[in-house]
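For reference, target21.cif is printed below; it contains mmCIF, C-alpha atoms.
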```
data_query
#
loop_
_atom_site.label_atom_id
_atom_site.label_comp_id
_atom_site.auth_asym_id
_atom_site.auth_seq_id
_atom_site.Cartn_x
_atom_site.Cartn_y
_atom_site.Cartn_z
CA MET Q 1 34.38 273.16 111.54
CA GLY Q 2 33.40 275.67 114.24
CA LEU Q 3 35.29 273.77 116.92
CA LEU Q 4 38.40 273.58 114.74
CA TYR Q 5 38.10 277.27 113.98
CA ASP Q 6 37.63 278.17 117.66
CA ALA Q 7 40.53 275.92 118.65
CA GLY Q 8 42.63 277.52 115.99
CA MET Q 9 41.78 280.97 117.21
CA TRP Q 10 42.63 279.89 120.77
CA LEU Q 11 45.98 278.57 119.45
CA GLY Q 12 46.58 281.84 117.69
CA ILE Q 13 45.85 280.59 114.13
CA SER Q 14 44.37 283.40 112.15
CA GLU Q 15 41.69 283.15 109.53
CA ASP Q 16 44.26 283.66 106.78
CA TRP Q 17 46.23 280.73 108.07
CA TRP Q 18 43.10 278.63 108.07
CA MET Q 19 42.50 279.58 104.44
CA GLN Q 20 46.02 278.58 103.50
CA ILE Q 21 45.72 275.30 105.39
CA TRP Q 22 42.46 274.38 103.71
CA SER Q 23 43.75 275.50 100.34
CA GLY Q 24 46.71 273.19 100.77
CA VAL Q 25 44.52 270.30 101.83
CA ILE Q 26 42.14 270.83 98.94
CA GLY Q 27 45.04 271.28 96.53
CA ALA Q 28 46.66 268.11 97.75
CA GLY Q 29 43.38 266.25 97.37
CA VAL Q 30 42.82 267.61 93.91
CA SER Q 31 46.40 266.80 92.93
CA ALA Q 32 46.01 263.29 94.29
CA GLY Q 33 42.76 262.86 92.40
CA VAL Q 34 44.28 264.16 89.20
CA SER Q 35 47.27 261.88 89.66
CA VAL Q 36 44.98 258.90 90.07
CA VAL Q 37 43.01 259.83 86.96
CA VAL Q 38 46.20 260.37 84.98
CA ALA Q 39 47.60 257.07 86.21
CA LEU Q 40 44.41 255.29 85.22
CA LEU Q 41 44.49 256.89 81.78
CA VAL Q 42 48.13 255.94 81.33
CA VAL Q 43 47.46 252.36 82.41
CA THR Q 44 44.40 252.13 80.16
CA ARG Q 45 46.23 253.52 77.15
CA THR Q 46 49.27 251.37 77.87
CA ASN Q 47 47.11 248.27 78.06
CA ALA Q 48 45.34 249.23 74.84
CA HIS Q 49 48.67 249.86 73.13
CA GLN Q 50 50.03 246.56 74.38
CA SER Q 51 46.89 244.80 73.15
CA THR Q 52 47.34 246.45 69.75
CA LEU Q 53 50.99 245.42 69.66
CA ALA Q 54 50.09 241.88 70.69
CA GLU Q 55 47.41 241.64 67.99
CA THR Q 56 49.83 243.04 65.42
CA ALA Q 57 52.44 240.51 66.52
CA ARG Q 58 49.91 237.66 66.24
CA LYS Q 59 48.87 238.87 62.80
CA LEU Q 60 52.48 239.04 61.63
CA GLN Q 61 53.11 235.58 63.07
CA ARG Q 62 50.08 234.18 61.24
CA GLU Q 63 51.30 235.77 58.01
CA ARG Q 64 54.76 234.29 58.54
CA ASP Q 65 53.22 230.90 59.32
CA ASP Q 66 51.04 231.10 56.20
CA GLU Q 67 54.04 232.11 54.12
CA ALA Q 68 56.09 229.26 55.56
CA LEU Q 69 53.28 226.80 54.84
CA GLU Q 70 52.96 228.11 51.28
CA ILE Q 71 56.70 227.74 50.74
CA GLN Q 72 56.55 224.24 52.19
CA ARG Q 73 53.54 223.37 50.04
CA ALA Q 74 55.24 224.73 46.92
CA GLY Q 75 58.38 222.76 47.75
CA MET Q 76 56.38 219.57 48.24
CA GLN Q 77 54.54 220.13 44.94
CA GLU Q 78 57.83 220.74 43.16
CA ARG Q 79 59.26 217.53 44.59
CA LEU Q 80 56.12 215.63 43.60
CA ASP Q 81 56.37 217.02 40.06
CA GLU Q 82 60.02 216.03 39.88
CA GLN Q 83 59.21 212.54 41.15
CA ARG Q 84 56.37 212.23 38.64
CA GLN Q 85 58.62 213.36 35.80
CA GLU Q 86 61.32 210.95 36.90
CA ALA Q 87 58.78 208.13 37.09
CA ASP Q 88 57.58 209.00 33.57
CA ARG Q 89 61.15 209.05 32.30
CA LEU Q 90 61.97 205.69 33.86
CA ARG Q 91 58.74 204.17 32.58
CA MET Q 92 59.46 205.38 29.05
CA MET Q 93 63.00 204.02 29.25
CA ASP Q 94 61.56 200.65 30.23
CA ILE Q 95 59.03 200.75 27.38
CA ARG Q 96 61.71 201.81 24.93
CA ALA Q 97 64.00 198.98 25.98
CA ASP Q 98 61.13 196.49 25.86
CA VAL Q 99 60.09 197.48 22.33
CA ILE Q 100 63.65 197.37 21.02
CA SER Q 101 64.37 194.03 22.69
CA ALA Q 102 61.15 192.42 21.48
CA ALA Q 103 61.61 193.67 17.91
CA ALA Q 104 65.23 192.49 17.77
CA HIS Q 105 64.15 189.09 19.08
CA MET Q 106 61.75 188.74 16.15
CA VAL Q 107 64.73 188.97 13.78
CA GLU Q 108 66.51 186.27 15.76
CA VAL Q 109 63.61 183.81 15.80
CA ALA Q 110 63.03 184.35 12.07
CA SER Q 111 66.18 182.31 11.54
CA VAL Q 112 64.71 179.41 13.55
CA ASP Q 113 61.18 178.33 12.60
CA LEU Q 114 57.54 179.36 12.56
CA GLN Q 115 56.91 178.06 16.08
CA ALA Q 116 59.66 180.30 17.43
CA VAL Q 117 58.13 183.28 15.63
CA GLU Q 118 54.68 182.53 17.05
CA ALA Q 119 56.14 182.19 20.54
CA ALA Q 120 58.00 185.53 20.35
CA ALA Q 121 55.25 187.59 18.70
CA PRO Q 122 53.11 188.14 21.86
CA HIS Q 123 56.02 189.82 23.63
CA LEU Q 124 56.31 192.38 20.83
CA GLY Q 125 52.55 192.90 20.92
CA LYS Q 126 52.65 193.52 24.67
CA ALA Q 127 55.55 195.98 24.37
CA LEU Q 128 53.79 197.96 21.64
CA THR Q 129 50.57 197.96 23.65
CA ARG Q 130 52.42 199.63 26.52
CA TRP Q 131 53.61 202.29 24.07
CA ARG Q 132 50.06 202.80 22.83
CA VAL Q 133 48.80 203.25 26.40
CA GLU Q 134 51.36 205.99 27.02
CA THR Q 135 50.38 208.11 24.03
CA GLU Q 136 47.31 210.31 23.75
CA ASP Q 137 47.62 210.68 19.97
CA ALA Q 138 44.83 208.66 18.35
CA ALA Q 139 46.59 208.40 14.98
CA LEU Q 140 49.74 207.01 16.58
CA VAL Q 141 47.69 204.56 18.67
CA GLU Q 142 46.09 203.27 15.47
CA GLU Q 143 49.38 203.04 13.59
CA LEU Q 144 51.08 201.12 16.38
CA SER Q 145 48.22 198.63 16.37
CA TYR Q 146 49.37 197.41 12.92
CA TRP Q 147 52.97 196.73 13.88
CA PRO Q 148 52.75 193.47 15.86
CA ALA Q 149 51.07 191.69 12.93
CA HIS Q 150 53.28 193.55 10.42
CA ILE Q 151 56.55 192.33 11.93
CA ARG Q 152 55.12 188.88 12.70
CA LEU Q 153 54.20 188.35 9.03
CA LEU Q 154 57.59 189.61 7.86
CA ALA Q 155 59.32 187.17 10.21
CA MET Q 156 57.10 184.29 9.05
CA GLU Q 157 57.77 185.11 5.40
CA HIS Q 158 61.49 185.02 6.04
CA VAL Q 159 61.22 181.63 7.77
CA ILE Q 160 59.32 180.25 4.78
CA ALA Q 161 61.71 181.86 2.28
CA ARG Q 162 64.71 180.35 4.03
CA HIS Q 163 63.35 176.87 3.44
CA GLU Q 164 61.42 177.15 0.19
CA SER Q 165 62.61 180.11 -1.89
CA GLU Q 166 65.54 181.20 -3.99
CA PRO Q 167 68.39 183.15 -2.38
CA ALA Q 168 67.04 186.43 -3.77
CA ALA Q 169 63.73 185.87 -2.00
CA ARG Q 170 65.51 185.06 1.25
CA VAL Q 171 67.46 188.30 0.97
CA ALA Q 172 64.33 190.30 0.13
CA THR Q 173 62.32 188.91 3.05
CA PHE Q 174 65.20 189.49 5.45
CA ASP Q 175 65.63 193.06 4.19
CA ASN Q 176 61.94 193.76 4.73
CA LEU Q 177 62.04 192.37 8.27
CA ASN Q 178 65.28 194.15 9.08
CA ASP Q 179 63.99 197.47 7.68
CA ALA Q 180 60.81 197.25 9.76
CA VAL Q 181 62.64 196.38 12.97
CA SER Q 182 65.30 199.04 12.36
CA LEU Q 183 62.66 201.72 11.78
CA LEU Q 184 60.78 200.75 14.92
CA THR Q 185 64.05 200.73 16.88
CA VAL Q 186 65.10 204.19 15.68
CA VAL Q 187 61.73 205.66 16.59
CA ALA Q 188 61.73 203.92 19.98
CA LEU Q 189 65.18 205.30 20.74
CA HIS Q 190 63.72 208.81 20.46
CA LEU Q 191 60.61 207.95 22.42
CA ARG Q 192 59.53 210.50 25.04
CA ARG Q 193 56.53 210.95 27.30
CA ASP Q 194 54.92 213.01 24.53
CA ASP Q 195 55.77 210.39 21.88
CA PHE Q 196 58.51 212.20 20.03
CA VAL Q 197 57.94 215.81 18.99
CA PRO Q 198 55.50 216.12 17.37
CA ALA Q 199 53.57 212.87 17.72
CA ASN Q 200 52.26 213.01 14.15
CA SER Q 201 55.89 212.89 12.94
CA VAL Q 202 56.23 209.45 14.52
CA THR Q 203 52.95 208.35 13.00
CA GLY Q 204 54.00 209.54 9.55
CA ILE Q 205 57.44 207.91 9.76
CA LEU Q 206 56.03 204.57 10.88
CA ARG Q 207 53.17 204.59 8.38
CA ARG Q 208 55.36 205.48 5.40
CA GLY Q 209 57.92 202.86 6.34
CA ARG Q 210 55.28 200.19 6.88
CA LEU Q 211 53.46 200.94 3.62
CA ASP Q 212 56.72 200.97 1.65
CA ILE Q 213 57.49 197.50 2.97
CA GLU Q 214 53.91 196.37 2.34
CA THR Q 215 54.20 197.59 -1.24
CA SER Q 216 57.35 195.51 -1.67
CA ARG Q 217 55.60 192.48 -0.18
CA SER Q 218 52.43 192.90 -2.22
CA GLY Q 219 54.54 192.87 -5.38
CA ARG Q 220 55.57 189.37 -4.35
CA GLY Q 221 52.05 188.33 -3.38
CA GLY Q 222 52.34 189.15 0.33
CA THR Q 223 49.48 190.16 2.62
CA VAL Q 224 49.10 193.89 3.36
CA VAL Q 225 48.51 194.79 7.02
CA GLY Q 226 46.56 198.05 7.44
CA GLN Q 227 46.55 201.06 5.12
#
```
Same coordinates, now as structure tokens:
Amino acid sequence: MGLLYDAGMWLGISEDWWMQIWSGVIGAGVSAGVSVVVALLVVTRTNAHQSTLAETARKLQRERDDEALEIQRAGMQERLDEQRQEADRLRMMDIRADVISAAAHMVEVASVDLQAVEAAAPHLGKALTRWRVETEDAALVEELSYWPAHIRLLAMEHVIARHESEPAARVATFDNLNDAVSLLTVVALHLRRDDFVPANSVTGILRRGRLDIETSRSGRGGTVVGQ
């Protein structure tokens, strides 16, 4: 410092000039230091802000992904429900057709012989069993259990009446068989997954019809199936 000062004095630089020079140097250094600090603060805050923005963007993306997955899941569930409902509808259509076909066939074989009736009866029993499996109503399940034997006996009585009875008896036995098959057919035509609405209506209709026919048969000495 002394050498610089002496050299400055020799060069004609006064003390005031030295003060100005050093003030400028110090000011420049301070300014540079402040600039560095400010730059570091700006970079730090910028990085922090960018990190916050990036995290916010990731969060929004996750939410969008979750929302998209939920929409996809809901769509898949809706399609599965539709497929299940369609499968139920098709299954009930098949059961309905099977019951109607088997019942109608019992009328046809009643005009043949007892062996034909016995051969056709299991198909009706199988069709009605499928109906019973589809319903959750215990009363309807029980009522349907009477119908295979009910229609089988009516068909057998008509076969016997055709060969051994008077015309009036043949007409009566055919009417009983036809009434039973017609009632079962009408109910089956309205069959749904929930067994008609309400299920106890089906049970009541079938039971009343069956018991009315059984009453007619018992008056002629026929066997009553169920009560």
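For the atom pair formed by CA of Leu69 in chain Q and CA of Arg84 in chain Q, the distance is 22.0 Å, given to one decimal.
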Exercise for the section: Excluding Trp147 in chain Q and any residue of its chain fewer than 2 positions from it, enumerate the residues within 9 Å of it, using all atoms listed in the file, and give them as a count of residues only. Expected result: 15
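Closest approach to Ala120 in chain Q among Q:Ile71, Q:Met156, Q:Ala102, Q:Leu189: Q:Ala102, based on only C-alpha atoms.
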Practice task
For the structure shown, which residues end up in the PyMOL selection byres ((chain Q and resi 183) around 12)? Put them as a ChimeraX atom specification, please?
Solution key: /Q:99-100,103-104,147,151,175-182,184-190,202-210,212-213
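Between Leu114 in chain Q and the residues Q:Ala139, Q:Ala127, Q:Ile160, Q:Leu53, the shortest atom-to-atom distance, using all atoms listed in the file, involves Q:Ile160.
For the pair CA of Ala155 in chain Q and CA of Ala168 in chain Q, the separation is 16.0 Å.
Candidate residues Q:Asp94, Q:Asp88, Q:Glu214, Q:Glu55 were compared for distance to Tyr146 in chain Q, and the nearest is Q:Glu214, using all atoms listed in the file.
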Practice task
May I ask which of the residues Q:Asp98, Q:Glu157, Q:Glu63, Q:Glu70 is the closest one to His123 in chain Q, counting only C-alpha atoms?
Solution key: Q:Asp98
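The space between CA of Ala138 in chain Q and CA of Arg96 in chain Q spans 19.4 Å.
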Working from the structure I just supplied, which lacks atoms in range 63-88 of chain Q, can you model N, CA and C atoms there and output them as a compact mmCIF listing (two decimals), keeping the file's coordinate frame?
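Output below, filename out-v1.txt:
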```
# COMPACT_ATOMS: atom_id res chain seq x y z
N GLU Q 63 50.86 235.55 59.39
CA GLU Q 63 51.30 235.77 58.01
C GLU Q 63 52.58 235.01 57.73
N ARG Q 64 53.51 235.04 58.72
CA ARG Q 64 54.76 234.29 58.54
C ARG Q 64 54.50 232.79 58.48
N ASP Q 65 53.56 232.33 59.34
CA ASP Q 65 53.22 230.90 59.32
C ASP Q 65 52.60 230.52 57.98
N ASP Q 66 51.68 231.38 57.49
CA ASP Q 66 51.04 231.10 56.20
C ASP Q 66 52.07 231.09 55.08
N GLU Q 67 52.99 232.05 55.15
CA GLU Q 67 54.04 232.11 54.12
C GLU Q 67 54.93 230.87 54.18
N ALA Q 68 55.26 230.46 55.40
CA ALA Q 68 56.09 229.26 55.56
C ALA Q 68 55.37 228.03 55.04
N LEU Q 69 54.06 227.94 55.33
CA LEU Q 69 53.28 226.80 54.84
C LEU Q 69 53.19 226.81 53.31
N GLU Q 70 53.04 228.01 52.74
CA GLU Q 70 52.96 228.11 51.28
C GLU Q 70 54.28 227.70 50.64
N ILE Q 71 55.38 228.13 51.25
CA ILE Q 71 56.70 227.74 50.74
C ILE Q 71 56.88 226.23 50.85
N GLN Q 72 56.45 225.69 51.99
CA GLN Q 72 56.55 224.24 52.19
C GLN Q 72 55.68 223.49 51.19
N ARG Q 73 54.46 224.01 50.98
CA ARG Q 73 53.54 223.37 50.04
C ARG Q 73 54.10 223.42 48.62
N ALA Q 74 54.66 224.59 48.25
CA ALA Q 74 55.24 224.73 46.92
C ALA Q 74 56.44 223.78 46.75
N GLY Q 75 57.23 223.67 47.81
CA GLY Q 75 58.38 222.76 47.75
C GLY Q 75 57.94 221.31 47.60
N MET Q 76 56.89 220.93 48.34
CA MET Q 76 56.38 219.57 48.24
C MET Q 76 55.83 219.30 46.84
N GLN Q 77 55.10 220.30 46.28
CA GLN Q 77 54.54 220.13 44.94
C GLN Q 77 55.65 220.01 43.91
N GLU Q 78 56.69 220.81 44.09
CA GLU Q 78 57.83 220.74 43.16
C GLU Q 78 58.49 219.37 43.23
N ARG Q 79 58.66 218.85 44.45
CA ARG Q 79 59.26 217.53 44.59
C ARG Q 79 58.37 216.45 43.99
N LEU Q 80 57.05 216.60 44.19
CA LEU Q 80 56.12 215.63 43.60
C LEU Q 80 56.19 215.67 42.07
N ASP Q 81 56.26 216.89 41.52
CA ASP Q 81 56.37 217.02 40.06
C ASP Q 81 57.66 216.39 39.55
N GLU Q 82 58.74 216.62 40.28
CA GLU Q 82 60.02 216.03 39.88
C GLU Q 82 59.96 214.51 39.95
N GLN Q 83 59.34 214.00 41.01
CA GLN Q 83 59.21 212.54 41.15
C GLN Q 83 58.34 211.97 40.05
N ARG Q 84 57.26 212.70 39.71
CA ARG Q 84 56.37 212.23 38.64
C ARG Q 84 57.11 212.22 37.30
N GLN Q 85 57.86 213.29 37.04
CA GLN Q 85 58.62 213.36 35.80
C GLN Q 85 59.68 212.25 35.73
N GLU Q 86 60.32 212.01 36.87
CA GLU Q 86 61.32 210.95 36.90
C GLU Q 86 60.67 209.58 36.68
N ALA Q 87 59.50 209.39 37.29
CA ALA Q 87 58.78 208.13 37.09
C ALA Q 87 58.38 207.96 35.62
N ASP Q 88 57.93 209.05 34.99
CA ASP Q 88 57.58 209.00 33.57
C ASP Q 88 58.81 208.65 32.73
```
